[in-house]
Amino acid sequence: MKQHGLILMLIASVSSYASANEIFTTTTSYKPPMDCMLYITTSPQQGGTTTKPGEHFIQGCSPQTVEAIPHTGFTFSHWENNDGSFLSYENPITIEFPSRSIVAVFDTLGDFPNIRLMGTYTCNENPCMGYLCSRDVWSVMEDNDIYYLTKDWEWLWGCEPISWNGYTPKEGDSVIVEGEVSEATDYHANPYINIEVENLSPVICPIELIYKNDSWKTELLRNFRDNVLSRTPEGRELIKLYYLWSPSIIQAMENNEDFKDEAKEMINEALLLIQ
């Protein structure tokens, strides 16, 4: 009987140990960490950047601290969720998971200097160079300088046709652009220039308004431009200034016939020297 009692006690001890071990195993079983996604954009695009731009997969879903960094001419405003709802004024901000998609919102700082330039309307690779920024954008090239065009402080994504006061430029057109200029840097700290466009117009020759396009005088002046003026730096600068201010000249001639007659008289005198 004693032997049976010892056996029962041993069985009870083993059962108790097994039960305790099962509880221990259950409460300490290994669970692989879950990955979370963090997706950060900025608005407007050129308003600034962040310390974690673009898309990131966070192993283990650990909290992430992110700082918004405004570009020149901008200031940080607040954070928003991707649906536009307010998130926080804190900067830097610590992001808790599950997966999040947030936007750093920037405001402009006062007025930017205005610029007026003539260049070639081109579709260029944008300076963002991130996952969200794979599409090209409209720009204007003056000599070898690129100016990225914005409307309401947003780049003109995808190089889709866009009209400016009834004028829809095509790639390669010579245009005159006016607007507020601002400098920014891309994700690699390389500087670039944006123009918030106030007006964009085609390059028009006032001479054609005076003498018409098929006039021999118009052709003579074109030959002088191409074969004389364009061969010197001073001459090229005169050509640039002439076309840069051509919209204002044309508007003045259309509104004032006396001014148009005076301009025609001056050009006729110049033609005598060119012939």
# chains A, B, ... in the order shown; residues from 1 in each chain; ligands from 1
>>> select_by_dssp(residues="range 47-99 of chain A", states="strand (DSSP E or B)", output="ChimeraX atom specification")
/A:48-50,54-58,64-66,68-70,74-81,86-88,93-95
>>> write_last_selection(atoms="N, CA and C atoms", output="PDB file, in the first residue's frame")
ATOM      1  N   GLY A  48       9.221  71.607 -47.821  1.00  0.00           N
ATOM      2  CA  GLY A  48      10.239  71.093 -46.918  1.00  0.00           C
ATOM      3  C   GLY A  48      10.401  69.600 -47.067  1.00  0.00           C
ATOM      4  N   THR A  49      11.129  69.012 -46.155  1.00  0.00           N
ATOM      5  CA  THR A  49      11.335  67.571 -46.158  1.00  0.00           C
ATOM      6  C   THR A  49      11.211  67.079 -44.721  1.00  0.00           C
ATOM      7  N   THR A  50      11.492  65.810 -44.495  1.00  0.00           N
ATOM      8  CA  THR A  50      11.461  65.248 -43.147  1.00  0.00           C
ATOM      9  C   THR A  50      12.681  64.363 -42.955  1.00  0.00           C
ATOM     10  N   GLY A  54       9.233  59.585 -47.417  1.00  0.00           N
ATOM     11  CA  GLY A  54       8.851  58.429 -48.215  1.00  0.00           C
ATOM     12  C   GLY A  54       8.297  57.286 -47.383  1.00  0.00           C
ATOM     13  N   GLU A  55       8.512  56.072 -47.870  1.00  0.00           N
ATOM     14  CA  GLU A  55       7.920  54.872 -47.289  1.00  0.00           C
ATOM     15  C   GLU A  55       8.973  54.066 -46.530  1.00  0.00           C
ATOM     16  N   HIS A  56       8.608  53.602 -45.329  1.00  0.00           N
ATOM     17  CA  HIS A  56       9.535  52.827 -44.506  1.00  0.00           C
ATOM     18  C   HIS A  56       8.794  51.663 -43.857  1.00  0.00           C
ATOM     19  N   PHE A  57       9.441  50.489 -43.818  1.00  0.00           N
ATOM     20  CA  PHE A  57       8.904  49.344 -43.090  1.00  0.00           C
ATOM     21  C   PHE A  57       9.654  49.236 -41.767  1.00  0.00           C
ATOM     22  N   ILE A  58       8.913  49.294 -40.674  1.00  0.00           N
ATOM     23  CA  ILE A  58       9.495  49.325 -39.336  1.00  0.00           C
ATOM     24  C   ILE A  58       9.357  47.944 -38.704  1.00  0.00           C
ATOM     25  N   GLN A  64       8.554  55.683 -33.788  1.00  0.00           N
ATOM     26  CA  GLN A  64       9.521  56.390 -34.616  1.00  0.00           C
ATOM     27  C   GLN A  64       9.391  57.897 -34.402  1.00  0.00           C
ATOM     28  N   THR A  65      10.529  58.555 -34.217  1.00  0.00           N
ATOM     29  CA  THR A  65      10.543  60.009 -34.069  1.00  0.00           C
ATOM     30  C   THR A  65      10.910  60.643 -35.406  1.00  0.00           C
ATOM     31  N   VAL A  66      10.082  61.570 -35.857  1.00  0.00           N
ATOM     32  CA  VAL A  66      10.257  62.202 -37.163  1.00  0.00           C
ATOM     33  C   VAL A  66      10.222  63.716 -36.988  1.00  0.00           C
ATOM     34  N   ALA A  68      10.051  67.461 -39.094  1.00  0.00           N
ATOM     35  CA  ALA A  68       9.789  68.179 -40.339  1.00  0.00           C
ATOM     36  C   ALA A  68      10.794  69.319 -40.471  1.00  0.00           C
ATOM     37  N   ILE A  69      11.398  69.446 -41.663  1.00  0.00           N
ATOM     38  CA  ILE A  69      12.443  70.444 -41.890  1.00  0.00           C
ATOM     39  C   ILE A  69      11.998  71.355 -43.031  1.00  0.00           C
ATOM     40  N   PRO A  70      11.620  72.598 -42.754  1.00  0.00           N
ATOM     41  CA  PRO A  70      11.151  73.494 -43.822  1.00  0.00           C
ATOM     42  C   PRO A  70      12.289  73.948 -44.722  1.00  0.00           C
ATOM     43  N   PHE A  74       9.786  78.842 -46.173  1.00  0.00           N
ATOM     44  CA  PHE A  74       8.646  78.127 -45.605  1.00  0.00           C
ATOM     45  C   PHE A  74       8.857  77.927 -44.106  1.00  0.00           C
ATOM     46  N   THR A  75       7.766  77.655 -43.415  1.00  0.00           N
ATOM     47  CA  THR A  75       7.820  77.323 -41.999  1.00  0.00           C
ATOM     48  C   THR A  75       6.911  76.125 -41.741  1.00  0.00           C
ATOM     49  N   PHE A  76       7.292  75.293 -40.773  1.00  0.00           N
ATOM     50  CA  PHE A  76       6.454  74.137 -40.441  1.00  0.00           C
ATOM     51  C   PHE A  76       5.156  74.606 -39.799  1.00  0.00           C
ATOM     52  N   SER A  77       4.034  74.006 -40.206  1.00  0.00           N
ATOM     53  CA  SER A  77       2.724  74.358 -39.660  1.00  0.00           C
ATOM     54  C   SER A  77       2.210  73.281 -38.707  1.00  0.00           C
ATOM     55  N   HIS A  78       1.991  72.055 -39.221  1.00  0.00           N
ATOM     56  CA  HIS A  78       1.435  70.989 -38.389  1.00  0.00           C
ATOM     57  C   HIS A  78       1.527  69.664 -39.137  1.00  0.00           C
ATOM     58  N   TRP A  79       1.162  68.599 -38.447  1.00  0.00           N
ATOM     59  CA  TRP A  79       1.070  67.267 -39.044  1.00  0.00           C
ATOM     60  C   TRP A  79      -0.394  66.935 -39.299  1.00  0.00           C
ATOM     61  N   GLU A  80      -0.633  66.223 -40.401  1.00  0.00           N
ATOM     62  CA  GLU A  80      -1.969  65.737 -40.715  1.00  0.00           C
ATOM     63  C   GLU A  80      -1.921  64.240 -40.991  1.00  0.00           C
ATOM     64  N   ASN A  81      -3.046  63.580 -40.753  1.00  0.00           N
ATOM     65  CA  ASN A  81      -3.201  62.225 -41.259  1.00  0.00           C
ATOM     66  C   ASN A  81      -3.422  62.290 -42.766  1.00  0.00           C
ATOM     67  N   PHE A  86      -6.451  66.610 -38.699  1.00  0.00           N
ATOM     68  CA  PHE A  86      -5.339  67.139 -37.911  1.00  0.00           C
ATOM     69  C   PHE A  86      -4.730  66.053 -37.034  1.00  0.00           C
ATOM     70  N   LEU A  87      -3.392  66.087 -36.911  1.00  0.00           N
ATOM     71  CA  LEU A  87      -2.697  65.107 -36.078  1.00  0.00           C
ATOM     72  C   LEU A  87      -1.988  65.765 -34.898  1.00  0.00           C
ATOM     73  N   SER A  88      -1.082  66.726 -35.172  1.00  0.00           N
ATOM     74  CA  SER A  88      -0.305  67.300 -34.072  1.00  0.00           C
ATOM     75  C   SER A  88       0.446  68.540 -34.543  1.00  0.00           C
ATOM     76  N   ILE A  93       7.922  64.756 -33.911  1.00  0.00           N
ATOM     77  CA  ILE A  93       6.771  64.006 -33.425  1.00  0.00           C
ATOM     78  C   ILE A  93       7.162  62.535 -33.303  1.00  0.00           C
ATOM     79  N   THR A  94       6.613  61.851 -32.301  1.00  0.00           N
ATOM     80  CA  THR A  94       6.846  60.415 -32.143  1.00  0.00           C
ATOM     81  C   THR A  94       5.620  59.670 -32.645  1.00  0.00           C
ATOM     82  N   ILE A  95       5.833  58.805 -33.622  1.00  0.00           N
ATOM     83  CA  ILE A  95       4.742  58.090 -34.284  1.00  0.00           C
ATOM     84  C   ILE A  95       4.543  56.734 -33.625  1.00  0.00           C
TER      85      ILE A  95
END
>>> closest_atom_pairs(of="range 158-268 of chain A", to="range 149-154 of chain A", cutoff="7 Å", atoms="only C-alpha atoms", output="JSON lines")
{"residue": "A:Asn194", "atom": "CA", "partner": "A:Leu149", "partner_atom": "CA", "distance": 5.8}
{"residue": "A:Ile195", "atom": "CA", "partner": "A:Leu149", "partner_atom": "CA", "distance": 5.0}
{"residue": "A:Glu196", "atom": "CA", "partner": "A:Thr150", "partner_atom": "CA", "distance": 4.8}
{"residue": "A:Val197", "atom": "CA", "partner": "A:Lys151", "partner_atom": "CA", "distance": 6.1}
>>> residues_around(residues="Glu178 in chain A", least_positions_apart="4", cutoff="12 Å", atoms="only C-alpha atoms", output="PyMOL selection string")
chain A and resi 113-119+140+147+149-150+164+194-202+244-245+247
>>> closest_residue(among="A:Lys212, A:Thr41, A:Gly172, A:Ser163", to="Glu142 in chain A", atoms="only C-alpha atoms")
A:Gly172
>>> closest_residue(among="A:Arg222, A:Lys52, A:Arg135, A:Lys217", to="Trp155 in chain A", atoms="only C-alpha atoms")
A:Arg135
>>> closest_residue(among="A:Asp107, A:Glu257, A:Glu262, A:Glu67", to="Asn91 in chain A", atoms="only C-alpha atoms")
A:Glu67
>>> closest_residue(among="A:Arg100, A:Arg231, A:Lys264, A:His71", to="Ile207 in chain A", atoms="only C-alpha atoms")
A:Lys264
>>> atom_distance(atom1="CA of Val228 in chain A", atom2="CA of Glu171 in chain A")
27.9 Å
>>> select_by_dssp(residues="range 142-246 of chain A", states="alpha helix (DSSP H)", output="ChimeraX atom specification")
/A:206-211,216-227,233-244,246
>>> atom_distance(atom1="CA of Asn255 in chain A", atom2="CA of Ile274 in chain A")
29.0 Å
>>> closest_residue(among="A:Tyr121, A:Tyr167, A:Phe97, A:Tyr89", to="Ile146 in chain A", atoms="only C-alpha atoms")
A:Tyr121
>>> closest_residue(among="A:Tyr192, A:Phe224, A:Tyr148, A:Tyr243", to="Ile176 in chain A", atoms="only C-alpha atoms")
A:Tyr243
>>> residues_around(residues="Gln251 in chain A", least_positions_apart="3", cutoff="12 Å", atoms="only C-alpha atoms", output="PyMOL selection string")
chain A and resi 204-206+209+245-248+254-257+259-260
